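K.L.:
Before we start, here is the structure in question, set down as structure tokens.
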Amino acid sequence: MTTTPDISSGIPAAVSDVRGLFDSGATRPLAGRVARLKALRAMLTENQADWESALWADLHKSAGEAQLTEIGVVLAEIGHTLRHLRRWARPRRGPVPAVLWPARARLVPEPLGVVLVIAPWNYPVQLLLNPLVGVLAAGNTAVLKPSELAPATSALIARLVPRYFPDGAVRAVEGGVPETTELLAQRFDHIVFTGGGPVGRIVMRAAAEHLTPVTLELGGKSPVWFDDDARLHQAARRLAWAKFTNAGQTCVAPDYVMTTPDRVPALVAALETAIADLWGADPRAARDYGRIVNDRQFDRLVSLLDGVDVAVGGDHDRTERYLAPTVVTVPAAGGRPAIGPDAAHAVLREEIFGPVLPVVTVESAEQAVEVVNGWDKPLALYVFTSSTRTRRLFEQQTSSGAVVHDAGLIHVAATGLPFGGVGASGMGAYHGAHSWRTFSHLKPVLHKPLAPDTLRLAQPPFTERRLRFVKGLMRRG
């Protein structure tokens, strides 16, 4: 069985190997792409107990949550891709302007080459293997860098990848910052990175050395607007589920809720009820409630509780890295709330990435729009309202990676929709056909017959009559 390369000296060799395989043309045939997608599916389905155990060890994810948010998402992506791949990969007719007639054009999709996928620790299966589906579907080879902060999952990936991809089309490289740095020094044809903005900037700078395109999924503070009094408890349950799944360690988790002051008591009470319904009176004892990934993140999250009013939860235990689902209320400083570096409270200055949900008071939906537009564009924006006008307000006057009405998180599971950020929350997108497009190049192929030789009309000498004729053709487009 193929073994994982020696990391200390083997990263350039590993990248060279996958490039050599790509250059040989072995990954281009459609039948081979389908076979590799099926191999990826088998890697997941034949080892489900191992995946569940690894995710439990790394993040205290229950089997149900592992299936719903990790394994199942990737399997759905594979199934969707297998159903549509032949149509996506088919060359399509391209337009030819009248000035070039007679001529024929095609758009021929071709793979980019070698793609590096760098995954985070919070969804170490989904966010590593979901992009890989598109990479393989487009006919590329791949180098995978699982997160060292999810060591059990990383070790499982390193063990299984050689078994299911014995031709070396996919290679896994374990390690931390030194290994990632060495990987980024290599030449790739595309890089996918999911994580925080500071590391995203490092990835982008490294990619610039080789003019390598990047897809960056960077997160941010995804806001929520709430004013749906008639459906308060349904909204609170969906909001609590979206926020506290994976102990809040989700890049598209609701980061803070904005509502008017009169709605705060009822919303907080409904959130408390929803938390108890989902995880019991003591979430610490619930098998379906996760833990914080490490001590450093735990200490950071607990420090965010200083200076705010804890309305629900707040219990924590460092030995278990347990932090209860927590709702805090944050009054607007000086009458106008602020989000980002200038915020009065630490919990509003940067992405929380944990089970702490601030409820922030604003005077109106219009002021909430001002708050959203006052800082970086978020990865997602969630709106709970029964008002069509309010929905349109947020859709038309804010910019975000996605807008979801009356729910949270679910757009990540919509395989036909692009998943990506805008501005500081990321660039590029993947999922479904958008993955295939991201990891393919649509190459124009144009054929202009030698006869009749209409190109003579575009060649000197330019008589006044010929010039008028050519200008007329060009205006037709």
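Every chain in the structure tokens takes a letter, A first, then B, and so on in the order presented; its residues are numbered from 1, and the ligands are numbered from 1 following the presented order.
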Considering only C-alpha atoms, tabulate each residue of range 158-265 of chain A that lies at most 7 Å from range 356-362 of chain A along with its nearest interatomic pair and the corresponding distance in Å to one decimal; arrange the rows by chain and ascending residue number and present them as CSV.

P.N.:
```
residue,atom,partner,partner_atom,distance
A:Asp255,CA,A:Leu357,CA,6.3
A:Tyr256,CA,A:Pro358,CA,5.0
A:Val257,CA,A:Val359,CA,4.8
A:Met258,CA,A:Val360,CA,4.9
A:Thr259,CA,A:Thr361,CA,5.3
A:Thr260,CA,A:Val362,CA,5.2
A:Pro261,CA,A:Thr361,CA,5.4
```

K.L.:
Might you pull out every residue within 8 Å of range 142-145 of chain A, with only C-alpha atoms counted and same-chain residues fewer than 2 positions away left off, and present them as a VMD selection string?

P.N.:
chain A and resid 15 18 114 to 119 128 132 135 to 136 140 147 169 to 175 180

K.L.:
Selection from above, N, CA and C atoms, as a PDB file, in the first residue's frame, can you write it?

P.N.:
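Written file, part_17.pdb:
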```pdb
ATOM      1  N   VAL A  15       4.362  17.001  -4.506  1.00  0.00           N
ATOM      2  CA  VAL A  15       3.738  17.892  -5.476  1.00  0.00           C
ATOM      3  C   VAL A  15       4.204  17.551  -6.886  1.00  0.00           C
ATOM      4  N   VAL A  18       2.246  14.419  -8.165  1.00  0.00           N
ATOM      5  CA  VAL A  18       0.881  14.643  -8.634  1.00  0.00           C
ATOM      6  C   VAL A  18       0.874  15.473  -9.916  1.00  0.00           C
ATOM      7  N   VAL A 114      -2.894  21.014 -10.923  1.00  0.00           N
ATOM      8  CA  VAL A 114      -2.733  20.531  -9.545  1.00  0.00           C
ATOM      9  C   VAL A 114      -3.352  21.552  -8.593  1.00  0.00           C
ATOM     10  N   VAL A 115      -4.257  21.090  -7.742  1.00  0.00           N
ATOM     11  CA  VAL A 115      -4.986  21.984  -6.840  1.00  0.00           C
ATOM     12  C   VAL A 115      -4.629  21.642  -5.396  1.00  0.00           C
ATOM     13  N   LEU A 116      -4.319  22.668  -4.621  1.00  0.00           N
ATOM     14  CA  LEU A 116      -4.048  22.523  -3.188  1.00  0.00           C
ATOM     15  C   LEU A 116      -5.298  22.914  -2.417  1.00  0.00           C
ATOM     16  N   VAL A 117      -5.744  22.041  -1.514  1.00  0.00           N
ATOM     17  CA  VAL A 117      -6.902  22.314  -0.665  1.00  0.00           C
ATOM     18  C   VAL A 117      -6.423  22.338   0.788  1.00  0.00           C
ATOM     19  N   ILE A 118      -6.547  23.491   1.429  1.00  0.00           N
ATOM     20  CA  ILE A 118      -6.153  23.663   2.827  1.00  0.00           C
ATOM     21  C   ILE A 118      -7.421  23.813   3.652  1.00  0.00           C
ATOM     22  N   ALA A 119      -7.634  22.882   4.590  1.00  0.00           N
ATOM     23  CA  ALA A 119      -8.899  22.843   5.324  1.00  0.00           C
ATOM     24  C   ALA A 119      -8.727  23.320   6.755  1.00  0.00           C
ATOM     25  N   LEU A 128     -12.640  19.878   3.622  1.00  0.00           N
ATOM     26  CA  LEU A 128     -11.510  19.332   2.870  1.00  0.00           C
ATOM     27  C   LEU A 128     -11.989  18.565   1.645  1.00  0.00           C
ATOM     28  N   LEU A 132     -12.740  18.905  -2.962  1.00  0.00           N
ATOM     29  CA  LEU A 132     -12.084  17.835  -3.714  1.00  0.00           C
ATOM     30  C   LEU A 132     -13.024  17.225  -4.751  1.00  0.00           C
ATOM     31  N   VAL A 135     -12.659  19.318  -7.730  1.00  0.00           N
ATOM     32  CA  VAL A 135     -11.297  19.164  -8.263  1.00  0.00           C
ATOM     33  C   VAL A 135     -11.195  17.901  -9.115  1.00  0.00           C
ATOM     34  N   LEU A 136     -11.693  16.790  -8.593  1.00  0.00           N
ATOM     35  CA  LEU A 136     -11.623  15.522  -9.324  1.00  0.00           C
ATOM     36  C   LEU A 136     -12.572  15.512 -10.514  1.00  0.00           C
ATOM     37  N   ASN A 140      -8.565  17.254 -12.427  1.00  0.00           N
ATOM     38  CA  ASN A 140      -7.306  17.689 -11.828  1.00  0.00           C
ATOM     39  C   ASN A 140      -6.738  16.622 -10.890  1.00  0.00           C
ATOM     40  N   SER A 147      -6.306  19.873   8.705  1.00  0.00           N
ATOM     41  CA  SER A 147      -5.882  20.704   9.822  1.00  0.00           C
ATOM     42  C   SER A 147      -5.218  19.877  10.913  1.00  0.00           C
ATOM     43  N   ALA A 169      -3.409  10.313  -7.553  1.00  0.00           N
ATOM     44  CA  ALA A 169      -4.096  11.520  -8.026  1.00  0.00           C
ATOM     45  C   ALA A 169      -4.430  12.449  -6.873  1.00  0.00           C
ATOM     46  N   VAL A 170      -4.547  11.902  -5.671  1.00  0.00           N
ATOM     47  CA  VAL A 170      -4.783  12.694  -4.467  1.00  0.00           C
ATOM     48  C   VAL A 170      -3.714  12.333  -3.456  1.00  0.00           C
ATOM     49  N   ARG A 171      -3.057  13.338  -2.907  1.00  0.00           N
ATOM     50  CA  ARG A 171      -2.049  13.119  -1.866  1.00  0.00           C
ATOM     51  C   ARG A 171      -2.430  13.946  -0.645  1.00  0.00           C
ATOM     52  N   ALA A 172      -2.194  13.402   0.517  1.00  0.00           N
ATOM     53  CA  ALA A 172      -2.474  14.104   1.767  1.00  0.00           C
ATOM     54  C   ALA A 172      -1.162  14.432   2.469  1.00  0.00           C
ATOM     55  N   VAL A 173      -1.036  15.646   2.948  1.00  0.00           N
ATOM     56  CA  VAL A 173       0.153  16.101   3.661  1.00  0.00           C
ATOM     57  C   VAL A 173      -0.272  16.561   5.053  1.00  0.00           C
ATOM     58  N   GLU A 174       0.205  15.886   6.080  1.00  0.00           N
ATOM     59  CA  GLU A 174      -0.086  16.290   7.451  1.00  0.00           C
ATOM     60  C   GLU A 174       0.975  17.272   7.952  1.00  0.00           C
ATOM     61  N   GLY A 175       0.621  17.973   9.026  1.00  0.00           N
ATOM     62  CA  GLY A 175       1.590  18.867   9.647  1.00  0.00           C
ATOM     63  C   GLY A 175       0.954  20.183  10.033  1.00  0.00           C
ATOM     64  N   THR A 180       2.636  23.694   6.037  1.00  0.00           N
ATOM     65  CA  THR A 180       1.777  24.530   5.205  1.00  0.00           C
ATOM     66  C   THR A 180       2.600  25.585   4.482  1.00  0.00           C
TER      67      THR A 180
END
```

K.L.:
Can you pull out every residue within 9 Å of Met427 in chain A, counting only C-alpha atoms, but drop anything in the same chain fewer than 2 positions away, and send it as a list in words?

P.N.:
Val214, Thr215, Leu216, Glu217, Leu218, Gly420, Gly421, Val422, Gly423, Ala424, Ser425 and Ala429 of chain A

K.L.:
Looking only at alpha helix (DSSP H) from DSSP on the backbone, list the matching residues of range 212-311 of chain A as number ranges by chain.

P.N.:
A: 232-244, 264-279, 295-303

K.L.:
Pick out the closest residue to Gly20 in chain A from this set: A:Thr141, A:Gly280, A:Val96, A:Val34. Count only C-alpha atoms.

P.N.:
A:Thr141

K.L.:
Set the distance at 8 Å and use only C-alpha atoms: which residues neighbour Ala76 in chain A once local chain neighbours fewer than 4 positions away are removed? I'd like the list as JSON, numbers by chain.

P.N.:
{"A": [72, 80, 415]}

K.L.:
Next, write the just-selected residues to a file, as an mmCIF file, in the first residue's frame, keeping C-alpha atoms as the atom set.

P.N.:
```cif
data_model
loop_
_atom_site.group_PDB
_atom_site.id
_atom_site.type_symbol
_atom_site.label_atom_id
_atom_site.label_comp_id
_atom_site.auth_asym_id
_atom_site.auth_seq_id
_atom_site.Cartn_x
_atom_site.Cartn_y
_atom_site.Cartn_z
ATOM 1 C CA GLY A 72 -23.664 13.534 4.381
ATOM 2 C CA HIS A 80 -25.067 15.618 -7.499
ATOM 3 C CA THR A 415 -25.426 21.671 -3.771
#
```

K.L.:
Find the spatial neighbours of Ile410 in chain A, counting only C-alpha atoms, within a cut-off of 12 Å - ignore same-chain residues fewer than 2 positions away - and output them as a PyMOL selection string.

P.N.:
chain A and resi 68-69+73+238-239+241-243+252-254+380-382+402-408+412-415+417+419

K.L.:
Got a sec: who's within 10 Å of Ala150 in chain A, counting only C-alpha atoms, leaving out chain neighbours fewer than 2 positions off, as a list of chain:residue names?

P.N.:
A:Ala54, A:Leu55, A:Ala57, A:Asp58, A:Leu59, A:Pro120, A:Trp121, A:Asn122, A:Tyr123, A:Pro124, A:Val125, A:Pro146, A:Ser147, A:Glu148, A:Ala152, A:Thr153, A:Ser154, A:Ala155, A:Val293, A:Asn294

K.L.:
Tell me which protein, DNA and RNA residues are within 7 Å of Val328 in chain A, counting only C-alpha atoms, leaving out same-chain ones fewer than 2 positions away, and put them as a PyMOL selection string.

P.N.:
chain A and resi 308-312+326+330+357-359

K.L.:
From the list A:Leu393, A:Leu149, A:Val203, A:Ala138, which residue is nearest Leu442 in chain A when using only C-alpha atoms?

P.N.:
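Result for the nearest residue to Leu442 in chain A: A:Ala138.
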
K.L.:
From the set A:Tyr164, A:Glu182, A:Ser53, A:Pro283, which residue has the shortest atom-to-atom contact distance to Ala13 in chain A, counting only C-alpha atoms?

P.N.:
A:Glu182

K.L.:
Taking into account only C-alpha atoms, which residue in the set A:Val302, A:Val133, A:Phe462, A:Arg87 is nearest to Asp317 in chain A?

P.N.:
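Closest to Asp317 in chain A of all the choices is A:Val302.
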
K.L.:
Would you please give, as a list in words, all residues of range 351-422 of chain A that DSSP assigns to strand (DSSP E) based on the backbone?

P.N.:
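Of range 351-422 of chain A, the ones in strand (DSSP E) are Val356, Leu357, Pro358, Val359, Val360, Thr361, Leu381, Tyr382, Val383, Phe384, Val403, Val404, His405, Phe419 and Gly420 of chain A.
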